[in-house]
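Q: What follows is run-v3.pdb, PDB, C-alpha atoms.
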ATOM      1  CA  MET A  30     118.879  95.478  89.351
ATOM      2  CA  SER A  31     117.385  98.958  89.621
ATOM      3  CA  THR A  32     115.996 100.254  92.851
ATOM      4  CA  VAL A  33     112.376 101.385  93.153
ATOM      5  CA  LEU A  34     110.804 104.449  94.697
ATOM      6  CA  ARG A  35     107.631 104.083  96.725
ATOM      7  CA  LEU A  36     105.747 105.386  99.750
ATOM      8  CA  HIS A  37     108.233 106.661 102.387
ATOM      9  CA  SER A  38     111.159 106.923  99.929
ATOM     10  CA  THR A  39     113.113 110.166 100.172
ATOM     11  CA  GLY A  40     115.916 111.891  98.311
ATOM     12  CA  PRO A  41     116.817 113.611  95.062
ATOM     13  CA  GLU A  42     115.390 110.837  92.891
ATOM     14  CA  VAL A  43     111.990 111.401  94.481
ATOM     15  CA  SER A  44     112.331 115.099  93.660
ATOM     16  CA  GLU A  45     113.041 114.153  90.028
ATOM     17  CA  VAL A  46     109.918 112.003  89.958
ATOM     18  CA  GLN A  47     107.850 114.821  91.450
ATOM     19  CA  GLN A  48     109.215 117.266  88.868
ATOM     20  CA  ALA A  49     108.396 114.858  86.039
ATOM     21  CA  LEU A  50     104.899 114.293  87.385
ATOM     22  CA  GLU A  51     104.396 118.032  87.758
ATOM     23  CA  ALA A  52     105.523 118.611  84.175
ATOM     24  CA  ALA A  53     103.071 115.926  83.029
ATOM     25  CA  GLY A  54     100.231 117.628  84.891
ATOM     26  CA  PHE A  55      99.739 115.010  87.606
ATOM     27  CA  TYR A  56     101.340 116.630  90.657
ATOM     28  CA  SER A  57     101.058 120.058  92.303
ATOM     29  CA  HIS A  58     102.048 119.594  95.951
ATOM     30  CA  GLY A  59     105.592 120.938  95.951
ATOM     31  CA  ILE A  60     108.957 119.372  95.191
ATOM     32  CA  ASP A  61     110.177 118.186  98.584
ATOM     33  CA  GLY A  62     111.858 114.844  97.843
ATOM     34  CA  ILE A  63     109.415 112.976 100.090
ATOM     35  CA  PHE A  64     107.332 110.192  98.542
ATOM     36  CA  GLY A  65     104.096 110.792 100.412
ATOM     37  CA  ILE A  66     100.497 109.903  99.660
ATOM     38  CA  GLU A  67     100.115 112.803  97.220
ATOM     39  CA  THR A  68     103.095 111.610  95.201
ATOM     40  CA  GLU A  69     101.798 108.045  95.286
ATOM     41  CA  ALA A  70      98.380 109.158  94.021
ATOM     42  CA  ALA A  71     100.027 111.130  91.224
ATOM     43  CA  VAL A  72     102.112 108.115  90.229
ATOM     44  CA  ARG A  73      98.979 105.951  90.083
ATOM     45  CA  SER A  74      97.209 108.457  87.838
ATOM     46  CA  PHE A  75     100.227 108.663  85.558
ATOM     47  CA  GLN A  76     100.489 104.862  85.402
ATOM     48  CA  ARG A  77      96.818 104.535  84.460
ATOM     49  CA  ARG A  78      97.266 106.979  81.591
ATOM     50  CA  GLU A  79     100.316 105.115  80.342
ATOM     51  CA  GLY A  80      98.691 101.687  80.587
ATOM     52  CA  LEU A  81     100.981 100.556  83.399
ATOM     53  CA  THR A  82      99.979  98.656  86.533
ATOM     54  CA  PRO A  83      98.676 101.409  88.848
ATOM     55  CA  ASP A  84     100.568 100.262  91.952
ATOM     56  CA  GLY A  85     101.936 103.667  92.920
ATOM     57  CA  VAL A  86     105.506 102.356  92.805
ATOM     58  CA  VAL A  87     108.136 103.879  90.525
ATOM     59  CA  GLY A  88     110.050 100.932  89.134
ATOM     60  CA  PRO A  89     112.001 100.681  85.873
ATOM     61  CA  SER A  90     108.962 100.856  83.550
ATOM     62  CA  THR A  91     107.325 103.827  85.258
ATOM     63  CA  ALA A  92     110.669 105.608  85.619
ATOM     64  CA  ALA A  93     111.361 105.154  81.910
ATOM     65  CA  GLN A  94     107.983 106.636  81.001
ATOM     66  CA  LEU A  95     108.698 109.580  83.303
ATOM     67  CA  GLY A  96     112.194 110.031  81.881
ATOM     68  CA  VAL A  97     113.815 109.411  85.270
ATOM     69  CA  VAL A  98     116.942 107.272  85.675
ATOM     70  CA  LEU A  99     116.988 105.224  88.888
ATOM     71  CA  GLN A 100     120.180 104.355  90.697
ATOM     72  CA  GLU A 101     121.281 100.767  91.041
ATOM     73  CA  GLY A 102     119.841  99.067  94.111
ATOM     74  CA  SER A 103     120.529  95.878  96.017
ATOM     75  CA  SER A 104     118.353  92.873  96.705
ATOM     76  CA  VAL A 105     118.694  89.601  98.572
ATOM     77  CA  ILE A 106     115.802  88.035  96.700
ATOM     78  CA  PRO A 107     118.004  86.025  94.295
ATOM     79  CA  GLU A 108     119.458  84.316  97.371
ATOM     80  CA  VAL A 109     116.060  83.392  98.837
ATOM     81  CA  THR A 110     115.538  79.910  97.445
ATOM     82  CA  PRO A 111     112.741  77.478  98.256
ATOM     83  CA  GLU A 112     115.277  75.279 100.033
ATOM     84  CA  LEU A 113     116.304  78.146 102.291
ATOM     85  CA  VAL A 114     112.709  79.058 103.132
ATOM     86  CA  VAL A 115     111.879  75.430 103.914
ATOM     87  CA  SER A 116     114.477  75.593 106.682
ATOM     88  CA  LEU A 117     112.666  78.607 108.170
ATOM     89  CA  PHE A 118     109.440  76.582 108.214
ATOM     90  CA  HIS A 119     111.035  73.626 109.962
ATOM     91  CA  GLY A 120     108.374  71.135 111.078
ATOM     92  CA  ALA A 121     105.534  72.986 109.349
ATOM     93  CA  ARG A 122     105.101  70.587 106.392
ATOM     94  CA  ALA A 123     105.146  73.534 104.021
ATOM     95  CA  GLU A 124     107.636  72.407 101.392
ATOM     96  CA  HIS A 125     105.080  71.915  98.606
ATOM     97  CA  ASN A 126     103.431  75.287  99.253
ATOM     98  CA  ILE A 127     106.776  77.062  99.372
ATOM     99  CA  GLU A 128     107.581  75.694  95.933
ATOM    100  CA  ARG A 129     104.229  77.003  94.673
ATOM    101  CA  TYR A 130     103.871  80.332  96.443
ATOM    102  CA  LEU A 131     107.344  81.694  97.188
ATOM    103  CA  LYS A 132     107.694  83.403  93.813
ATOM    104  CA  PRO A 133     104.494  85.502  94.124
ATOM    105  CA  VAL A 134     105.599  86.603  97.591
ATOM    106  CA  LEU A 135     109.081  87.600  96.442
ATOM    107  CA  ASP A 136     107.688  89.292  93.326
ATOM    108  CA  ALA A 137     105.314  91.374  95.465
ATOM    109  CA  LEU A 138     108.097  92.370  97.855
ATOM    110  CA  GLU A 139     110.353  93.332  94.952
ATOM    111  CA  ALA A 140     107.596  95.398  93.332
ATOM    112  CA  ALA A 141     107.024  97.224  96.622
ATOM    113  CA  GLY A 142     110.735  97.933  97.022
ATOM    114  CA  LEU A 143     111.022  95.685 100.073
ATOM    115  CA  SER A 144     113.708  93.369  98.740
ATOM    116  CA  ASP A 145     116.350  93.963 101.414
ATOM    117  CA  LYS A 146     117.266  91.288 103.927
ATOM    118  CA  GLU A 147     115.345  92.687 106.889
ATOM    119  CA  MET A 148     112.023  93.252 105.125
ATOM    120  CA  VAL A 149     112.149  89.963 103.237
ATOM    121  CA  LEU A 150     112.712  88.154 106.527
ATOM    122  CA  MET A 151     109.940  90.189 108.149
ATOM    123  CA  ALA A 152     107.567  88.926 105.450
ATOM    124  CA  LEU A 153     108.698  85.309 105.625
ATOM    125  CA  ALA A 154     108.659  85.155 109.430
ATOM    126  CA  THR A 155     105.199  86.739 109.438
ATOM    127  CA  ILE A 156     103.885  84.127 107.009
ATOM    128  CA  ARG A 157     105.479  81.434 109.184
ATOM    129  CA  VAL A 158     103.328  82.536 112.114
ATOM    130  CA  GLU A 159     100.150  83.590 110.340
ATOM    131  CA  THR A 160      99.707  80.542 108.112
ATOM    132  CA  GLY A 161     102.189  77.893 109.248
ATOM    133  CA  THR A 162     101.934  76.213 105.842
ATOM    134  CA  PHE A 163     103.060  79.019 103.496
ATOM    135  CA  ALA A 164      99.685  79.153 101.803
ATOM    136  CA  PRO A 165      96.967  81.818 101.931
ATOM    137  CA  VAL A 166      94.445  80.587 104.486
ATOM    138  CA  ASN A 167      90.884  81.187 105.607
ATOM    139  CA  GLU A 168      90.376  82.224 109.209
ATOM    140  CA  GLU A 169      88.875  79.401 111.226
ATOM    141  CA  VAL A 170      85.750  79.735 113.339
ATOM    142  CA  ASP A 171      86.797  80.232 116.969
ATOM    143  CA  ARG A 172      84.158  79.966 119.694
ATOM    144  CA  SER A 173      86.660  80.508 122.499
ATOM    145  CA  THR A 174      85.207  82.188 125.583
ATOM    146  CA  ALA A 175      88.150  81.889 127.959
ATOM    147  CA  THR A 176      89.910  84.950 126.558
ATOM    148  CA  HIS A 177      86.888  86.602 124.918
ATOM    149  CA  LYS A 178      88.929  86.771 121.730
ATOM    150  CA  GLY A 179      87.012  84.199 119.725
ATOM    151  CA  ASN A 180      85.422  85.390 116.498
ATOM    152  CA  THR A 181      82.169  83.489 117.042
ATOM    153  CA  SER A 182      79.793  83.380 120.016
ATOM    154  CA  ALA A 183      78.945  80.040 121.625
ATOM    155  CA  ASN A 184      75.695  79.493 119.742
ATOM    156  CA  GLY A 185      76.026  82.088 117.047
ATOM    157  CA  GLN A 186      76.623  82.134 113.329
ATOM    158  CA  PRO A 187      80.267  81.969 112.158
ATOM    159  CA  PHE A 188      82.127  85.245 112.775
ATOM    160  CA  ASP A 189      79.140  86.916 114.404
ATOM    161  CA  ARG A 190      81.478  88.750 116.795
ATOM    162  CA  TYR A 191      82.711  90.726 113.802
ATOM    163  CA  GLU A 192      79.190  91.918 113.015
ATOM    164  CA  HIS A 193      78.521  95.664 113.427
ATOM    165  CA  ASN A 194      82.169  96.202 114.389
ATOM    166  CA  HIS A 195      82.795  99.786 113.308
ATOM    167  CA  GLU A 196      86.518  99.471 113.915
ATOM    168  CA  LEU A 197      86.556  96.850 111.159
ATOM    169  CA  GLY A 198      84.106  98.846 109.068
ATOM    170  CA  ASN A 199      81.491  96.090 109.247
ATOM    171  CA  VAL A 200      78.287  98.067 108.920
ATOM    172  CA  GLU A 201      76.050  95.804 106.848
ATOM    173  CA  PRO A 202      74.416  92.528 107.918
ATOM    174  CA  GLY A 203      76.660  89.599 107.029
ATOM    175  CA  ASP A 204      79.852  91.660 106.906
ATOM    176  CA  GLY A 205      81.354  89.616 109.738
ATOM    177  CA  ALA A 206      81.369  86.391 107.763
ATOM    178  CA  ARG A 207      81.826  88.060 104.387
ATOM    179  CA  TYR A 208      85.022  89.813 105.460
ATOM    180  CA  HIS A 209      86.534  87.263 107.820
ATOM    181  CA  GLY A 210      90.318  86.794 107.763
ATOM    182  CA  ARG A 211      91.944  85.607 104.545
ATOM    183  CA  GLY A 212      95.378  85.489 103.006
ATOM    184  CA  PHE A 213      98.927  85.472 104.302
ATOM    185  CA  ILE A 214      98.164  88.008 107.065
ATOM    186  CA  GLN A 215      94.449  87.448 107.648
ATOM    187  CA  LEU A 216      92.939  90.526 106.020
ATOM    188  CA  THR A 217      89.810  91.179 108.112
ATOM    189  CA  GLY A 218      86.874  93.585 107.970
ATOM    190  CA  ARG A 219      85.108  95.592 105.249
ATOM    191  CA  LYS A 220      87.321  98.591 106.000
ATOM    192  CA  ASN A 221      90.514  96.676 105.235
ATOM    193  CA  TYR A 222      89.092  94.898 102.191
ATOM    194  CA  THR A 223      88.060  98.312 100.860
ATOM    195  CA  HIS A 224      91.403  99.946 101.607
ATOM    196  CA  TYR A 225      93.664  97.237 100.207
ATOM    197  CA  GLY A 226      91.414  96.581  97.251
ATOM    198  CA  ALA A 227      91.637 100.244  96.266
ATOM    199  CA  ALA A 228      95.388 100.372  96.911
ATOM    200  CA  LEU A 229      96.039  97.338  94.712
ATOM    201  CA  GLY A 230      93.383  97.887  92.057
ATOM    202  CA  VAL A 231      91.575  94.661  92.992
ATOM    203  CA  ASP A 232      87.849  94.448  93.793
ATOM    204  CA  LEU A 233      88.097  92.789  97.195
ATOM    205  CA  VAL A 234      84.824  94.263  98.443
ATOM    206  CA  ASP A 235      82.627  92.419  95.936
ATOM    207  CA  ASN A 236      85.024  89.478  95.634
ATOM    208  CA  PRO A 237      86.553  88.925  99.082
ATOM    209  CA  ASP A 238      87.763  85.413  98.199
ATOM    210  CA  LEU A 239      90.301  87.061  95.888
ATOM    211  CA  ALA A 240      92.278  87.670  99.078
ATOM    212  CA  LEU A 241      93.032  83.930  98.982
ATOM    213  CA  ASP A 242      94.560  84.139  95.511
ATOM    214  CA  PRO A 243      98.326  83.713  96.107
ATOM    215  CA  VAL A 244      99.274  86.699  93.933
ATOM    216  CA  VAL A 245      96.718  88.980  95.574
ATOM    217  CA  ALA A 246      97.525  87.672  99.059
ATOM    218  CA  ALA A 247     101.205  88.386  98.439
ATOM    219  CA  MET A 248     100.400  91.907  97.229
ATOM    220  CA  VAL A 249      98.305  92.564 100.341
ATOM    221  CA  LEU A 250     101.151  91.378 102.557
ATOM    222  CA  ALA A 251     103.698  93.558 100.762
ATOM    223  CA  ARG A 252     101.388  96.566 100.840
ATOM    224  CA  TYR A 253     100.759  96.156 104.558
ATOM    225  CA  LEU A 254     104.490  95.986 105.262
ATOM    226  CA  LEU A 255     105.082  99.004 103.036
ATOM    227  CA  GLU A 256     102.459 101.121 104.787
ATOM    228  CA  ASN A 257     103.940 100.207 108.159
ATOM    229  CA  GLU A 258     107.559 100.251 106.995
ATOM    230  CA  PRO A 259     108.894 103.039 109.278
ATOM    231  CA  ARG A 260     107.690 101.334 112.452
ATOM    232  CA  ILE A 261     108.852  97.914 111.299
ATOM    233  CA  ARG A 262     112.308  99.117 110.304
ATOM    234  CA  ALA A 263     112.747 100.992 113.578
ATOM    235  CA  ALA A 264     111.931  97.821 115.508
ATOM    236  CA  LEU A 265     114.140  95.580 113.399
ATOM    237  CA  ALA A 266     117.062  98.010 113.561
ATOM    238  CA  SER A 267     117.182  97.490 117.331
ATOM    239  CA  MET A 268     116.269  93.784 117.031
ATOM    240  CA  ASP A 269     113.101  94.468 118.987
ATOM    241  CA  LEU A 270     111.269  91.555 117.404
ATOM    242  CA  ALA A 271     108.389  91.806 119.851
ATOM    243  CA  ARG A 272     107.668  95.328 118.618
ATOM    244  CA  ALA A 273     108.024  94.252 114.982
ATOM    245  CA  ARG A 274     105.583  91.409 115.556
ATOM    246  CA  GLU A 275     103.156  93.745 117.315
ATOM    247  CA  VAL A 276     102.906  95.902 114.182
ATOM    248  CA  VAL A 277     101.249  92.987 112.380
ATOM    249  CA  ASN A 278      99.515  91.119 115.171
ATOM    250  CA  GLY A 279      98.733  93.877 117.663
ATOM    251  CA  GLY A 280     100.302  91.703 120.360
ATOM    252  CA  ASP A 281     102.847  88.965 120.876
ATOM    253  CA  GLN A 282     100.934  85.963 119.545
ATOM    254  CA  GLY A 283     103.386  83.639 117.805
ATOM    255  CA  LEU A 284     106.372  85.730 118.876
ATOM    256  CA  GLU A 285     108.572  82.730 119.628
ATOM    257  CA  ILE A 286     107.995  81.209 116.192
ATOM    258  CA  PHE A 287     108.388  84.586 114.481
ATOM    259  CA  SER A 288     111.649  85.312 116.305
ATOM    260  CA  ALA A 289     113.085  81.880 115.569
ATOM    261  CA  ALA A 290     112.375  82.193 111.844
ATOM    262  CA  TYR A 291     113.707  85.748 111.633
ATOM    263  CA  THR A 292     116.952  85.131 113.519
ATOM    264  CA  HIS A 293     117.588  81.872 111.664
ATOM    265  CA  GLY A 294     117.112  83.716 108.389
ATOM    266  CA  LEU A 295     119.652  86.363 109.387
ATOM    267  CA  GLN A 296     122.248  83.612 109.542
ATOM    268  CA  LEU A 297     121.222  81.950 106.278
ATOM    269  CA  ILE A 298     120.663  84.851 103.881
ATOM    270  CA  PRO A 299     123.818  86.667 102.779
ATOM    271  CA  ASN A 300     123.852  90.432 102.648
ATOM    272  CA  ALA A 301     123.070  91.968  99.276
ATOM    273  CA  PRO A 302     126.098  93.081  97.252
ATOM    274  CA  GLY A 303     126.633  96.818  96.974
ATOM    275  CA  PRO A 304     127.401  98.657  93.726
ATOM    276  CA  ASP A 305     131.122  97.908  94.163
ATOM    277  CA  GLY A 306     130.512  94.217  94.793
ATOM    278  CA  SER A 307     130.964  94.455  98.564
ATOM    279  CA  ASP A 308     128.329  93.239 101.015
ATOM    280  CA  VAL A 309     126.047  95.913 102.376
ATOM    281  CA  LEU A 310     123.175  96.055 104.809
ATOM    282  CA  ARG A 311     120.284  98.297 103.796
ATOM    283  CA  ALA A 312     118.779 100.385 106.555
TER     284      ALA A 312
END
Go through the file and emit its structure as structure tokens.
A:
Amino acid sequence: MSTVLRLHSTGPEVSEVQQALEAAGFYSHGIDGIFGIETEAAVRSFQRREGLTPDGVVGPSTAAQLGVVLQEGSSVIPEVTPELVVSLFHGARAEHNIERYLKPVLDALEAAGLSDKEMVLMALATIRVETGTFAPVNEEVDRSTATHKGNTSANGQPFDRYEHNHELGNVEPGDGARYHGRGFIQLTGRKNYTHYGAALGVDLVDNPDLALDPVVAAMVLARYLLENEPRIRAALASMDLARAREVVNGGDQGLEIFSAAYTHGLQLIPNAPGPDGSDVLRA
């Protein structure tokens, strides 16, 4: 398989992409070999002109249109079977959903260039905690008062505690319920629906239930991991699973389940073969 270049990628291939984009009139921020937000925006504009999916990722199709040859990459995704993932969801009664939804998740990770062992396991272990059933889910109404973390007041309308929450970007009446948590990672708040909708080319603001579509939910998950990739990789490199979990959850909720799924997966998934056929670990 070919590798992909995306946000946070670095190296001479990124420089080649920047040069090609500059020659095509889409990029003017300097050739530095760093795939930053300016490069991503230029790639999206180029993809739109060429009739490609404007995901900001330089995969084989976009590279071919740019005249750039990508090096061969490695991926563990062919080894990630439904049977293997079922073992990570032990006791969760998720087998049917894994059969249905694993492919969209793996496709989204591959498209985002997150097909190495660590990031695939990060995604799967996160889904294990966030949904339990390997299906995009709606956030449930929680009137908890003991920890003051419930999303709904004792006698209030569902999700009223999200109302007028500027951190979530909820500025209009009804935003709390309209933009409650959905998907594989509980996308929450007008601000996030706006951001991820724009990033993925999906109108999540006017159609928030699209976040429950398995393909869209998988894309949101992959995009979130991509945008937080440096912090996640740093945590996983030192096996600081609490810090990796905190990137998604903001705390340690579900840490035990997350850690169990991740460490079990490390034992089950073989390392991806390198260009010479040997096993390699991607940093």
Q: Using the chain letters and numbers from the file, which residues does the PyMOL selection byres ((chain A and resi 194-207) around 10) grab, as number ranges by chain?
A: A: 170, 180-181, 186-193, 208-210, 217-223, 234-238
Q: Within 10 Å of (124.4, 85.9, 104.8) in the file's own coordinates, which protein, DNA or RNA residues have an atom, counting all atoms listed in the file? List them as JSON, numbers by chain.
A: {"A": [105, 108, 146, 294, 295, 296, 297, 298, 299, 300, 301, 308]}
Q: Write the selection just made, keeping C-alpha atoms, as a short mmCIF file (atom, residue, chain, number, x, y, z; two decimals), keeping the file's coordinate frame?
A:
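Once written, selection.cif looks like this:
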data_model
loop_
_atom_site.label_atom_id
_atom_site.label_comp_id
_atom_site.auth_asym_id
_atom_site.auth_seq_id
_atom_site.Cartn_x
_atom_site.Cartn_y
_atom_site.Cartn_z
CA VAL A 105 118.69 89.60 98.57
CA GLU A 108 119.46 84.32 97.37
CA LYS A 146 117.27 91.29 103.93
CA GLY A 294 117.11 83.72 108.39
CA LEU A 295 119.65 86.36 109.39
CA GLN A 296 122.25 83.61 109.54
CA LEU A 297 121.22 81.95 106.28
CA ILE A 298 120.66 84.85 103.88
CA PRO A 299 123.82 86.67 102.78
CA ASN A 300 123.85 90.43 102.65
CA ALA A 301 123.07 91.97 99.28
CA ASP A 308 128.33 93.24 101.02
#
Q: Go through A:Ala49, A:Ala228, A:Leu270, A:Ala251 one by one, measure the shortest atom-to-atom distance of each to Phe75 in chain A using all atoms listed in the file, and give the residue with the smallest value.
A: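 Looking at the shortest contact to Phe75 in chain A, the residue is A:Ala49.
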Q: Using CA of Thr68 in chain A and CA of Gly88 in chain A as the two end points, give the distance in Å to one decimal.
A: 14.1 Å
Q: What does the distance between CA of Tyr291 in chain A and CA of Leu216 in chain A come to in Å, to one decimal place?
A: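 Calculated distance between CA of Tyr291 in chain A and CA of Leu216 in chain A is 22.0 Å.
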Q: Please list as a ChimeraX atom specification every residue within 8 Å of range 257-264 of chain A, counting only C-alpha atoms and excluding residues in the same chain fewer than 5 positions away.
A: /A:37,147-148,269-270,272-273,276,312
Q: What is the distance between CA of Arg122 in chain A and CA of Asp145 in chain A, in Å to one decimal?
A: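 Atom-to-atom, CA of Arg122 in chain A and CA of Asp145 in chain A are spaced 26.4 Å apart.
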